[in-house]
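The file final_21.txt contains compact mmCIF, C-alpha atoms and all ligand atoms:
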# COMPACT_ATOMS: atom_id res chain seq x y z
CA MET B 23 16.13 -23.18 -17.32
CA GLY B 24 14.71 -19.67 -17.14
CA GLU B 25 16.39 -16.87 -15.24
CA PRO B 26 15.86 -17.03 -11.48
CA GLY B 27 13.90 -13.77 -11.32
CA ARG B 28 13.49 -11.20 -8.60
CA LEU B 29 10.68 -10.20 -6.27
CA LEU B 30 10.29 -6.45 -6.93
CA ALA B 31 8.10 -3.82 -5.30
CA ILE B 32 6.79 -0.36 -6.04
CA SER B 33 3.98 1.86 -4.76
CA ASP B 34 2.38 5.27 -5.12
CA LEU B 35 2.46 5.24 -8.92
CA HIS B 36 -0.16 8.05 -8.94
CA VAL B 37 -0.77 7.65 -12.67
CA ALA B 38 -3.23 10.56 -12.83
CA TYR B 39 -0.03 12.61 -13.23
CA GLU B 40 1.06 12.57 -16.86
CA GLU B 41 4.77 12.06 -16.03
CA ASN B 42 3.93 9.07 -13.83
CA ARG B 43 1.59 7.60 -16.42
CA ARG B 44 4.35 7.83 -19.00
CA TYR B 45 6.74 6.11 -16.58
CA VAL B 46 4.34 3.15 -16.28
CA ALA B 47 3.56 3.08 -20.00
CA GLU B 48 7.16 3.28 -21.21
CA THR B 49 9.72 2.48 -18.52
CA LEU B 50 8.50 0.22 -15.71
CA ARG B 51 9.53 -3.20 -17.01
CA PRO B 52 10.97 -6.44 -15.63
CA GLU B 53 14.55 -7.52 -16.30
CA SER B 54 13.54 -11.14 -16.68
CA ASP B 55 10.41 -13.08 -17.57
CA ALA B 56 10.41 -14.51 -14.05
CA ASP B 57 10.22 -11.19 -12.16
CA TRP B 58 7.23 -10.54 -9.90
CA LEU B 59 5.96 -7.06 -9.08
CA ILE B 60 4.33 -6.01 -5.82
CA VAL B 61 2.21 -2.84 -6.20
CA ALA B 62 1.61 -1.48 -2.70
CA GLY B 63 -1.24 0.95 -3.33
CA ASP B 64 -1.96 4.48 -4.56
CA VAL B 65 -2.01 3.48 -8.22
CA SER B 66 -4.60 6.23 -8.83
CA GLU B 67 -8.02 7.54 -7.87
CA THR B 68 -10.35 6.36 -10.63
CA VAL B 69 -11.15 2.70 -11.26
CA ALA B 70 -10.31 3.12 -14.98
CA ASP B 71 -6.81 4.44 -14.15
CA VAL B 72 -6.15 1.63 -11.68
CA GLU B 73 -7.32 -0.93 -14.22
CA TRP B 74 -5.18 0.58 -16.98
CA ALA B 75 -1.97 0.51 -14.90
CA LEU B 76 -2.46 -2.97 -13.45
CA ASP B 77 -3.35 -4.34 -16.88
CA VAL B 78 -0.16 -2.91 -18.40
CA LEU B 79 1.95 -4.33 -15.56
CA ARG B 80 0.26 -7.72 -15.58
CA GLN B 81 1.18 -8.13 -19.23
CA ARG B 82 4.86 -7.49 -18.43
CA PHE B 83 5.48 -9.22 -15.10
CA ALA B 84 5.09 -12.94 -14.38
CA THR B 85 2.92 -12.14 -11.35
CA VAL B 86 1.48 -8.88 -10.01
CA VAL B 87 0.37 -8.54 -6.37
CA TRP B 88 -1.71 -5.53 -5.37
CA ALA B 89 -2.75 -4.03 -2.04
CA PRO B 90 -5.06 -0.98 -2.10
CA GLY B 91 -3.91 2.47 -1.07
CA ASN B 92 -6.10 5.21 0.31
CA HIS B 93 -6.29 6.87 -3.13
CA GLU B 94 -7.90 3.82 -4.78
CA LEU B 95 -10.57 3.99 -2.07
CA TRP B 96 -11.52 7.60 -2.68
CA THR B 97 -14.77 8.31 -4.52
CA PRO B 98 -13.71 11.41 -6.48
CA GLU B 99 -16.12 13.53 -8.51
CA SER B 100 -14.12 12.69 -11.63
CA ASP B 101 -14.92 8.96 -11.43
CA PRO B 102 -18.12 7.70 -13.08
CA VAL B 103 -17.83 4.68 -10.74
CA ARG B 104 -19.68 6.08 -7.73
CA SER B 105 -19.30 3.16 -5.30
CA ARG B 106 -17.95 3.93 -1.82
CA GLY B 107 -16.03 2.14 0.92
CA GLU B 108 -16.28 -1.62 1.12
CA GLU B 109 -18.29 -1.81 -2.11
CA ARG B 110 -15.61 0.13 -3.98
CA TYR B 111 -12.89 -2.12 -2.55
CA ARG B 112 -14.81 -5.23 -3.69
CA HIS B 113 -15.25 -3.68 -7.13
CA LEU B 114 -11.47 -3.16 -7.40
CA VAL B 115 -10.87 -6.75 -6.25
CA ALA B 116 -13.18 -7.95 -9.04
CA VAL B 117 -11.26 -5.85 -11.59
CA CYS B 118 -7.96 -7.34 -10.37
CA ARG B 119 -9.28 -10.87 -10.58
CA ARG B 120 -10.36 -10.28 -14.16
CA LEU B 121 -6.83 -9.05 -14.92
CA GLY B 122 -5.17 -11.93 -13.05
CA VAL B 123 -3.71 -9.66 -10.36
CA HIS B 124 -3.47 -11.03 -6.77
CA THR B 125 -5.40 -9.11 -4.08
CA PRO B 126 -5.73 -9.38 -0.27
CA GLU B 127 -8.86 -11.47 -0.88
CA ASP B 128 -7.07 -14.26 -2.78
CA PRO B 129 -4.97 -17.17 -1.50
CA TYR B 130 -1.50 -15.77 -0.81
CA PRO B 131 0.93 -16.63 -3.63
CA VAL B 132 4.30 -18.24 -2.80
CA TRP B 133 7.47 -16.76 -4.29
CA ARG B 134 9.71 -19.72 -5.15
CA GLY B 135 12.45 -17.77 -6.96
CA ALA B 136 15.75 -16.63 -5.47
CA GLY B 137 15.44 -15.88 -1.75
CA GLY B 138 12.26 -17.99 -1.51
CA PRO B 139 10.13 -19.80 -0.79
CA VAL B 140 8.13 -17.10 0.99
CA THR B 141 4.42 -16.38 1.27
CA VAL B 142 3.65 -12.99 -0.29
CA ALA B 143 0.72 -11.55 1.66
CA PRO B 144 -0.94 -8.38 0.34
CA LEU B 145 -2.88 -6.75 3.19
CA PHE B 146 -5.57 -4.12 3.38
CA LEU B 147 -5.60 -2.74 6.93
CA LEU B 148 -6.24 1.02 6.72
CA TYR B 149 -5.59 3.16 9.86
CA ASP B 150 -7.34 3.86 13.13
CA TYR B 151 -5.93 7.20 14.32
CA SER B 152 -3.75 5.47 16.92
CA PHE B 153 -0.52 7.17 15.69
CA ARG B 154 -1.41 10.19 17.83
CA PRO B 155 0.53 13.41 18.33
CA ALA B 156 2.03 14.07 21.76
CA GLY B 157 -0.55 15.16 24.33
CA ALA B 158 -3.56 13.51 22.68
CA ARG B 159 -5.17 10.86 24.89
CA THR B 160 -7.86 9.78 22.43
CA SER B 161 -8.31 9.76 18.65
CA ALA B 162 -10.92 12.51 19.01
CA GLU B 163 -8.37 14.73 20.79
CA ALA B 164 -5.75 13.80 18.20
CA LEU B 165 -8.02 14.76 15.30
CA GLU B 166 -8.83 18.06 17.01
CA ILE B 167 -5.10 18.84 17.30
CA ALA B 168 -4.60 17.97 13.61
CA TYR B 169 -7.58 20.04 12.42
CA ASP B 170 -6.37 22.99 14.55
CA ALA B 171 -2.91 22.66 12.97
CA GLY B 172 -4.55 22.64 9.51
CA VAL B 173 -3.20 19.14 8.79
CA VAL B 174 -6.13 17.11 7.49
CA CYS B 175 -5.81 14.19 5.06
CA THR B 176 -8.12 14.37 2.02
CA ASP B 177 -9.34 10.89 3.06
CA GLU B 178 -11.59 12.67 5.57
CA PHE B 179 -13.65 13.95 2.62
CA LEU B 180 -13.21 11.31 -0.10
CA LEU B 181 -12.51 7.95 1.58
CA HIS B 182 -15.93 6.84 2.76
CA PRO B 183 -16.02 3.89 5.17
CA ASP B 184 -19.51 2.64 4.17
CA PRO B 185 -21.08 0.48 5.52
CA PHE B 186 -18.87 0.97 8.59
CA PRO B 187 -19.57 3.94 10.84
CA SER B 188 -15.96 5.19 10.62
CA ARG B 189 -12.59 4.54 9.02
CA ASP B 190 -11.23 3.24 12.32
CA ALA B 191 -14.14 0.78 12.62
CA TRP B 192 -13.36 -0.44 9.10
CA CYS B 193 -9.69 -0.77 10.13
CA ARG B 194 -10.58 -2.90 13.19
CA GLN B 195 -12.64 -5.21 10.99
CA ARG B 196 -9.82 -5.50 8.41
CA VAL B 197 -7.23 -6.27 11.11
CA ALA B 198 -9.42 -9.03 12.59
CA GLU B 199 -10.17 -10.57 9.18
CA THR B 200 -6.54 -10.41 8.14
CA GLU B 201 -5.33 -12.05 11.35
CA ALA B 202 -7.62 -14.98 10.56
CA LEU B 203 -6.24 -15.27 7.00
CA LEU B 204 -2.62 -15.05 8.17
CA ALA B 205 -3.29 -17.75 10.77
CA GLU B 206 -4.12 -20.13 7.90
CA ARG B 207 -0.88 -19.59 5.98
CA ASP B 208 1.79 -22.31 5.68
CA PRO B 209 3.60 -21.97 9.05
CA GLU B 210 6.80 -23.40 7.54
CA LEU B 211 7.31 -20.42 5.23
CA PRO B 212 8.44 -16.90 6.08
CA THR B 213 6.29 -14.06 4.73
CA VAL B 214 6.64 -10.84 2.80
CA LEU B 215 3.95 -8.57 4.28
CA VAL B 216 2.65 -5.94 1.84
CA ASN B 217 0.51 -3.08 3.10
CA HIS B 218 0.01 0.45 1.78
CA PHE B 219 0.55 1.86 5.27
CA PRO B 220 3.61 1.14 7.42
CA LEU B 221 3.08 -1.67 9.94
CA VAL B 222 5.17 0.11 12.58
CA ARG B 223 4.98 3.73 13.62
CA GLU B 224 8.71 4.52 13.56
CA PRO B 225 8.94 5.54 9.84
CA THR B 226 6.29 8.25 10.42
CA ARG B 227 8.55 10.05 12.94
CA VAL B 228 10.22 11.95 10.10
CA LEU B 229 7.01 13.33 8.53
CA ARG B 230 7.18 17.05 7.83
CA TYR B 231 3.75 17.43 9.46
CA PRO B 232 3.77 15.02 12.42
CA GLU B 233 -0.04 15.19 12.78
CA PHE B 234 -0.34 13.42 9.40
CA ALA B 235 0.74 10.18 11.13
CA LEU B 236 -2.91 9.80 12.20
CA TRP B 237 -3.69 8.69 8.63
CA CYS B 238 -0.69 6.35 8.36
CA GLY B 239 -1.38 3.11 10.20
CA THR B 240 -2.38 1.38 13.39
CA ASP B 241 -0.63 0.30 16.59
CA ARG B 242 -2.37 -3.05 16.20
CA THR B 243 0.24 -4.22 13.67
CA ALA B 244 3.34 -3.13 15.64
CA ASP B 245 4.58 -6.72 16.15
CA TRP B 246 3.31 -8.34 12.95
CA HIS B 247 6.73 -8.54 11.29
CA VAL B 248 7.82 -10.77 14.19
CA ARG B 249 4.52 -12.55 14.76
CA TYR B 250 4.20 -13.56 11.10
CA ASP B 251 7.87 -14.37 10.54
CA ALA B 252 8.42 -11.67 7.92
CA ALA B 253 11.49 -11.86 5.69
CA ALA B 254 10.56 -8.32 4.64
CA VAL B 255 7.79 -5.75 4.93
CA VAL B 256 6.77 -3.62 1.93
CA TYR B 257 4.79 -0.39 2.26
CA GLY B 258 4.36 3.05 0.70
CA HIS B 259 2.05 6.00 1.45
CA LEU B 260 4.66 8.21 3.14
CA HIS B 261 6.38 9.15 -0.13
CA ILE B 262 9.68 8.78 1.77
CA PRO B 263 11.48 5.92 -0.01
CA ARG B 264 13.98 4.15 2.25
CA VAL B 265 14.59 0.98 4.25
CA THR B 266 14.35 0.85 8.04
CA TRP B 267 15.09 -2.23 10.14
CA HIS B 268 12.91 -3.41 13.00
CA ASP B 269 13.83 -6.53 14.99
CA GLY B 270 16.16 -7.50 12.14
CA VAL B 271 13.42 -7.24 9.48
CA PRO B 272 13.81 -4.77 6.60
CA HIS B 273 10.77 -2.53 6.06
CA HIS B 274 10.92 -1.13 2.51
CA GLU B 275 9.10 2.11 1.64
CA VAL B 276 8.89 1.69 -2.14
CA SER B 277 7.00 4.78 -3.32
CA VAL B 278 7.40 6.67 -6.58
CA GLY B 279 5.39 9.68 -5.36
CA TYR B 280 4.30 12.82 -7.16
CA PRO B 281 6.41 14.24 -10.03
CA ARG B 282 7.45 17.23 -7.88
CA GLU B 283 8.81 14.75 -5.31
CA TRP B 284 10.78 12.35 -7.53
CA GLN B 285 11.99 15.15 -9.80
CA ARG B 286 13.92 16.56 -6.82
CA ARG B 287 15.92 13.33 -6.79
CA GLY B 288 16.40 12.62 -10.48
CA ALA B 289 15.25 12.82 -14.08
CA THR B 290 13.26 9.58 -13.85
CA PRO B 291 11.22 8.04 -11.04
CA PRO B 292 12.95 5.50 -8.81
CA GLY B 293 12.56 2.01 -10.28
CA PRO B 294 11.03 -0.93 -8.43
CA ARG B 295 12.99 -1.98 -5.35
CA ARG B 296 14.41 -5.51 -5.07
CA ILE B 297 12.93 -7.31 -2.06
CA LEU B 298 14.25 -10.82 -2.80
CA PRO B 299 16.86 -12.04 -3.16
CA ARG B 300 18.27 -9.58 -0.64
CA GLU B 301 20.87 -7.13 -1.99
FE FE X 1 0.66 8.10 -2.28
FE FE X 2 -1.35 6.77 0.34
Mind converting the file's structure to structure tokens?
Ligand SMILES: [Fe+2]
Ligand SMILES: [Fe+2]
Amino acid sequence: MGEPGRLLAISDLHVAYEENRRYVAETLRPESDADWLIVAGDVSETVADVEWALDVLRQRFATVVWAPGNHELWTPESDPVRSRGEERYRHLVAVCRRLGVHTPEDPYPVWRGAGGPVTVAPLFLLYDYSFRPAGARTSAEALEIAYDAGVVCTDEFLLHPDPFPSRDAWCRQRVAETEALLAERDPELPTVLVNHFPLVREPTRVLRYPEFALWCGTDRTADWHVRYDAAAVVYGHLHIPRVTWHDGVPHHEVSVGYPREWQRRGATPPGPRRILPRE
């Protein structure tokens, strides 16, 4: 009999920062051979960095489940891999498959350890500018307000939606495709929904710059934790680690964040959060 294991989650490893890279290289380890690790996006910006981190983690954890963040989908000058948008996403999926890491394009794995069985569903949904600031009637008006306030996510310059005409068009396509995949899951099992962006808007209400919510999700997923019988939701992106409850479902923000952020809270980054069994 092995140990029962835990379903753990972390996000926003941002390993381009030396302190964060060292945390992954030296510290981020399972407690038992049966532990799974969910990695909810923003591993890094270059394909080589993402591959390095997921490879290290895959060798330590029984199973690794990845959902892309916005940073993985950037095409930065520093990356010799020049692919953009959908092509870049597919390239990352191919890298993960080679490493044995689960992606949103693979059959959803089932966690059968303590607190299971549950279907662990990594999602790639992006955002559609529907988390609008007060007074904006359309996404165009909302973006104008944000640009005027000087709050503009770097995605606008580095996250290319090719071949889609816009990031929100890509989001609509991802939501539709994902709904079809979720409809095929085992209806007997609850889910753990994993997305880089929050599925509900509420956690974005505490952002220091409220306009930034435009780049944080979509209203289209507001009821997914109920609709898909979620035992838990896992997300990151906000760099505001905490748990909020919506309709009785815990939504875990599991980010590490930038060194300047986690160093305010302690000498080492926060470890992976336990999703199941529940605390
Ligand atoms: Fe991040
Ligand atoms: Fe992010």
Original post:
segment 81-93 of chain B: which residues within 9 Å, counting only C-alpha atoms, same-chain residues fewer than 2 positions away excluded, as number ranges by chain?
Top reply: B: 33-34, 36, 50-52, 54-68, 76-79, 95-97, 111, 114, 118, 122-126, 131, 142-146, 148, 177, 180-181, 216-219, 258-259
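Using all atoms listed in the file, the smallest distance between any of B:Glu108, B:Arg227, B:Ala244, B:Leu236 and Ala162 of chain B comes from B:Leu236.
Relative to atom CA of Pro220 of chain B, atom CA of Ser100 of chain B is found at 28.5 Å.
Restricting the calculation to all atoms listed in the file, the smallest distance between ligand FE 1 (chain X) and any of B:Gly279, B:Gly270, B:Pro291, B:Pro98 is found for B:Gly279.
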Original post:
Which residues come within 9 Å of Ala168 of chain B, counting all atoms listed in the file, excluding same-chain residues fewer than 3 positions away, as a ChimeraX atom specification?
Top reply: /B:155,163-165,171-174,232-234,236
**OP:** Mind listing whatever residues come within 12 Å of the point (-12.5, -0.9, -16.9)? Use all atoms listed in the file, file coordinates, and give them as a ChimeraX atom specification.
**Re:** /B:68-77,101-103,113-114,116-118,120-121
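Minimum distance to ligand FE 1 (chain X) across B:Leu215, B:Cys238, B:Leu30, B:Leu298 (counting only C-alpha atoms and all ligand atoms) occurs at B:Cys238.
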Original post:
So which residues touch Pro225 of chain B within 12 Å, counting all atoms listed in the file, skipping near sequence neighbours fewer than 4 positions away, as a ChimeraX atom specification?
Top reply: /B:153,219-221,229-230,232,235,238-239,244,257-268,272-275
Could the residues in this selection be written to a file with C-alpha atoms, as a compact mmCIF listing (two decimals), in the frame of the given file?
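Printed below is selection.txt as written:
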# COMPACT_ATOMS: atom_id res chain seq x y z
CA PHE B 153 -0.52 7.17 15.69
CA PHE B 219 0.55 1.86 5.27
CA PRO B 220 3.61 1.14 7.42
CA LEU B 221 3.08 -1.67 9.94
CA LEU B 229 7.01 13.33 8.53
CA ARG B 230 7.18 17.05 7.83
CA PRO B 232 3.77 15.02 12.42
CA ALA B 235 0.74 10.18 11.13
CA CYS B 238 -0.69 6.35 8.36
CA GLY B 239 -1.38 3.11 10.20
CA ALA B 244 3.34 -3.13 15.64
CA TYR B 257 4.79 -0.39 2.26
CA GLY B 258 4.36 3.05 0.70
CA HIS B 259 2.05 6.00 1.45
CA LEU B 260 4.66 8.21 3.14
CA HIS B 261 6.38 9.15 -0.13
CA ILE B 262 9.68 8.78 1.77
CA PRO B 263 11.48 5.92 -0.01
CA ARG B 264 13.98 4.15 2.25
CA VAL B 265 14.59 0.98 4.25
CA THR B 266 14.35 0.85 8.04
CA TRP B 267 15.09 -2.23 10.14
CA HIS B 268 12.91 -3.41 13.00
CA PRO B 272 13.81 -4.77 6.60
CA HIS B 273 10.77 -2.53 6.06
CA HIS B 274 10.92 -1.13 2.51
CA GLU B 275 9.10 2.11 1.64
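Atom to atom, atom CA of Ser161 of chain B and atom CA of Glu199 of chain B stand 22.5 Å apart.
In this comparison, which uses all atoms listed in the file, the residue of B:Thr176, B:Ser105, B:Thr200, B:Ser152 approaching Tyr130 of chain B most closely is B:Thr200.
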Original post:
atom CA of Thr213 of chain B to atom CA of Asp269 of chain B: how many Å, to one decimal?
Top reply: 14.8 Å
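Using all atoms listed in the file, the smallest distance between any of B:Pro139, B:Tyr149, B:Trp133, B:Ala158 and ligand FE 2 (chain X) comes from B:Tyr149.
Taking only C-alpha atoms and all ligand atoms into account, ligand FE 2 (chain X) lies nearest to B:Trp237 out of the set B:Leu203, B:Trp237, B:Ile297, B:Tyr39.
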Residues near Ile32 of chain B, anyone? I mean within 6 Å using all atoms listed in the file, not counting same-chain ones fewer than 2 positions away, as an mmCIF file with C-alpha atoms, in the frame of the given file.
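Final output, saved to part-v1.cif:
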data_model
loop_
_atom_site.group_PDB
_atom_site.id
_atom_site.type_symbol
_atom_site.label_atom_id
_atom_site.label_comp_id
_atom_site.auth_asym_id
_atom_site.auth_seq_id
_atom_site.Cartn_x
_atom_site.Cartn_y
_atom_site.Cartn_z
ATOM 1 C CA VAL B 61 2.210 -2.840 -6.200
ATOM 2 C CA VAL B 276 8.890 1.690 -2.140
ATOM 3 C CA SER B 277 7.000 4.780 -3.320
ATOM 4 C CA PRO B 294 11.030 -0.930 -8.430
#
